[in-house]
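**Student:** Take this structure first; my questions come after.
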Amino acid sequence: MFNAQVRRVLAAAFAGIMVWGPPAPQTERHDKDSWSTKQYVQIRIFNLAHVAKRDLFRAEGEVSRIFAGAEIEVNWAEGGLDDTASLVTDFSANNSSPAGCKAAGYGHELRLQLLAHAPPGVSPQTLGYSLPCAAFGIDSTIFIDSCEGVTYQVPASFSKVLAYAMAHELGHVLLRSSEHTQTGLMRAQWDKTAWRRAMVRGIPIDGEQARRMRTELARMQSLPAKKLPGK
């Protein structure tokens with residue numbers, strides 16, 4: 001059950017991929033001194049919504065394809081539904097700034113949970129949210145009922161809607177920011193035209209943001225694992 005304080009955090013945190021947000025300038029900068037080699041990320045997914053294995057497998061494959069275009073290879077791991085230590089949520093950090101997090105993050109993997117329903121008071125257009133500045137616990141959350149709702153409005157398959165929702169929210173974590181772009185995976189608004197393109201051609205990650213994601217992954221690998229409360 002989400003209380004009023006949590007709902008306020010959700011409203012200030014990163015809204016789903018169909019909600020307007022402040023667009024960031026898009027550039028295609030190529031910095032020879034930046035991280036340019038392929039990076040690897042492990043994503044541990046907690047399927048609390050009991051999404052069918054076939055749909056989840058397809059969504060994971062699509063997420064892997066999206067990040068592969070940014071030279072990021074994804075390794076998937078299944079999170080135990082009884083792993084209460086990992087399923088905690090750190091709402092203490094300020095996650096509302098497009099400028100990014102004040103402190104460096106910790107952890108060698110990203111943790112994502114799938115919830116069957118969005119909490120009361122959250123717009124059905126909000127497919128999920130992220131907590132890029134969280135010091136522990138779940139990094140991103142996806143609302144399955146909201147993803148299913150998209151398929152009733154646009155010609156999009158459930159597995160692809162789920163995949164783009166997952167990739168978008170995980171993108172916020174790797175960018176450690178709530179920033180959005182006008183185009184690409186991190187676009188603020190997903191209308192029917194965007195979903196049609198996603199279904200037919202796919203929507204890639206902006207080149208500059210991809211570079212920053214690889215840089216963040218390289219930094220994460222040099223840090224100790226995330227600290228969990230009580231450990």
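All residue names refer to the structure tokens as shown: chains lettered A, B, ... in order, residues numbered from 1 in each chain, ligands numbered from 1 in order.
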What lies within 10 Å of A:His50 using only C-alpha atoms, ignoring chain neighbours under 3 positions off, as an NGL selection string?
**Tutor:** :A and (46-47 or 53 or 56 or 114-116 or 144)
**Student:** For the selection you just gave me, I'd like the residues written to a file as a PDB file, in the first residue's frame, keeping C-alpha atoms.
**Tutor:**
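The resulting file, again.pdb, is reproduced below:
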ATOM      1  CA  PHE A  46      11.386  -9.200  -9.832  1.00  0.00           C
ATOM      2  CA  ASN A  47       8.201 -10.398 -11.545  1.00  0.00           C
ATOM      3  CA  LYS A  53       7.111 -16.196 -19.168  1.00  0.00           C
ATOM      4  CA  LEU A  56       8.581 -11.512 -20.298  1.00  0.00           C
ATOM      5  CA  LEU A 114       6.980  -5.481 -12.193  1.00  0.00           C
ATOM      6  CA  LEU A 115       3.824  -4.597 -10.268  1.00  0.00           C
ATOM      7  CA  ALA A 116       0.387  -5.732 -11.375  1.00  0.00           C
ATOM      8  CA  ILE A 144       1.667  -3.866 -15.852  1.00  0.00           C
TER       9      ILE A 144
END
**Student:** Excluding stretch 194-198 of chain A and any residue of its chain fewer than 4 positions from it, enumerate the residues within 7 Å of it, using only C-alpha atoms, and give them as a list in words.
**Tutor:** Pro155, Ala156, Trp190, Gly202 and Ile203 of chain A
**Student:** Tell me which of A:Thr84, A:Ser157, A:Thr151, A:Gln39 sits closest to A:Arg219, counting only C-alpha atoms.
**Tutor:**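 Smallest separation from A:Arg219 among the options: A:Gln39.
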**Student:** Pick the closest to A:Val150 from A:Leu175, A:Ile66, A:Leu185, A:Leu127: which is it, counting only C-alpha atoms?
**Tutor:**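 Looking only at the distances to A:Val150, the closest residue turns out to be A:Leu127.
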**Student:** Could you tell me which of A:Pro124, A:Leu170, A:Asn75, A:Tyr164 comes closest to A:Ser140 if we count only C-alpha atoms?
**Tutor:** A:Leu170
**Student:** Closest to A:Gly61 among A:Arg212, A:Lys38, A:Lys160, A:His172, using only C-alpha atoms?
**Tutor:**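 So, comparing all the options, the nearest one is A:Lys160.
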**Student:** From a DSSP pass on the backbone, collect the residues of stretch 27-204 of chain A flagged as strand (DSSP E or B) and hand them back as a PyMOL selection string.
**Tutor:** chain A and resi 39-46+72-78+89+109-115+128-130+137+140-143+180-181+187
**Student:** Include C-alpha atoms and write out the residues we just selected as a compact mmCIF listing (two decimals), in the first residue's frame.
**Tutor:**
# COMPACT_ATOMS: atom_id res chain seq x y z
CA GLN A 39 29.84 -2.14 -21.52
CA TYR A 40 27.87 -4.81 -19.67
CA VAL A 41 24.97 -4.51 -17.25
CA GLN A 42 23.12 -7.09 -15.20
CA ILE A 43 19.42 -6.49 -14.68
CA ARG A 44 17.70 -8.43 -11.91
CA ILE A 45 13.97 -8.52 -12.53
CA PHE A 46 11.39 -9.20 -9.83
CA ILE A 72 25.61 -2.15 -23.91
CA GLU A 73 25.16 -5.88 -23.41
CA VAL A 74 22.47 -6.99 -20.97
CA ASN A 75 22.63 -10.02 -18.71
CA TRP A 76 19.28 -10.96 -17.16
CA ALA A 77 18.84 -12.45 -13.71
CA GLU A 78 15.68 -13.55 -11.91
CA THR A 89 12.49 1.05 -2.04
CA GLU A 109 23.39 -4.54 -11.19
CA LEU A 110 20.10 -2.77 -11.78
CA ARG A 111 16.98 -4.00 -10.01
CA LEU A 112 13.59 -3.73 -11.66
CA GLN A 113 10.21 -4.83 -10.31
CA LEU A 114 6.98 -5.48 -12.19
CA LEU A 115 3.82 -4.60 -10.27
CA GLY A 128 6.43 3.27 -14.34
CA TYR A 129 9.02 5.30 -12.49
CA SER A 130 12.69 5.19 -11.57
CA GLY A 137 16.87 -1.57 -3.25
CA SER A 140 12.87 0.96 -11.44
CA THR A 141 9.22 -0.06 -11.23
CA ILE A 142 6.80 -0.88 -14.06
CA PHE A 143 2.99 -0.97 -13.78
CA HIS A 180 14.14 13.59 -21.26
CA THR A 181 14.79 14.17 -24.94
CA ARG A 187 11.59 11.00 -25.22
**Student:** One decimal, in Å: what's the spacing between atom CA of A:Asp55 and atom CA of A:Ser86?
**Tutor:**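 Here the two named atoms are 23.7 Å from each other.
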**Student:** May I ask for the distance between atom CA of A:Ser146 and atom CA of A:Thr126, given in Å to one decimal place?
**Tutor:**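 According to the coordinates, atom CA of A:Ser146 and atom CA of A:Thr126 are separated by 6.8 Å.
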**Student:** Which residues in stretch 66-189 of chain A does DSSP call alpha helix (DSSP H)? List them as a list in words.
**Tutor:** Ile66, Phe67, Ala68, Ile144, Asp145, Ser146, Cys147, Glu148, Gly149, Val150, Thr151, Phe158, Ser159, Lys160, Val161, Leu162, Ala163, Tyr164, Ala165, Met166, Ala167, His168, Glu169, Leu170, Gly171, His172, Val173, Leu174 and Leu175 of chain A
**Student:** Kindly indicate which residue among A:Ala165, A:Leu174, A:Gly100, A:Thr183 lies nearest to A:Thr215, using only C-alpha atoms for the distances.
**Tutor:**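 Ranked by minimum distance to A:Thr215, first place goes to A:Leu174.
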**Student:** Given only C-alpha atoms as the basis, pick out the residue of A:Cys147, A:Val161, A:Gly121, A:Phe91 nearest to A:Ala135.
**Tutor:**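 Checking each of A:Cys147, A:Val161, A:Gly121, A:Phe91 against A:Ala135, counting only C-alpha atoms, the winner is A:Phe91.
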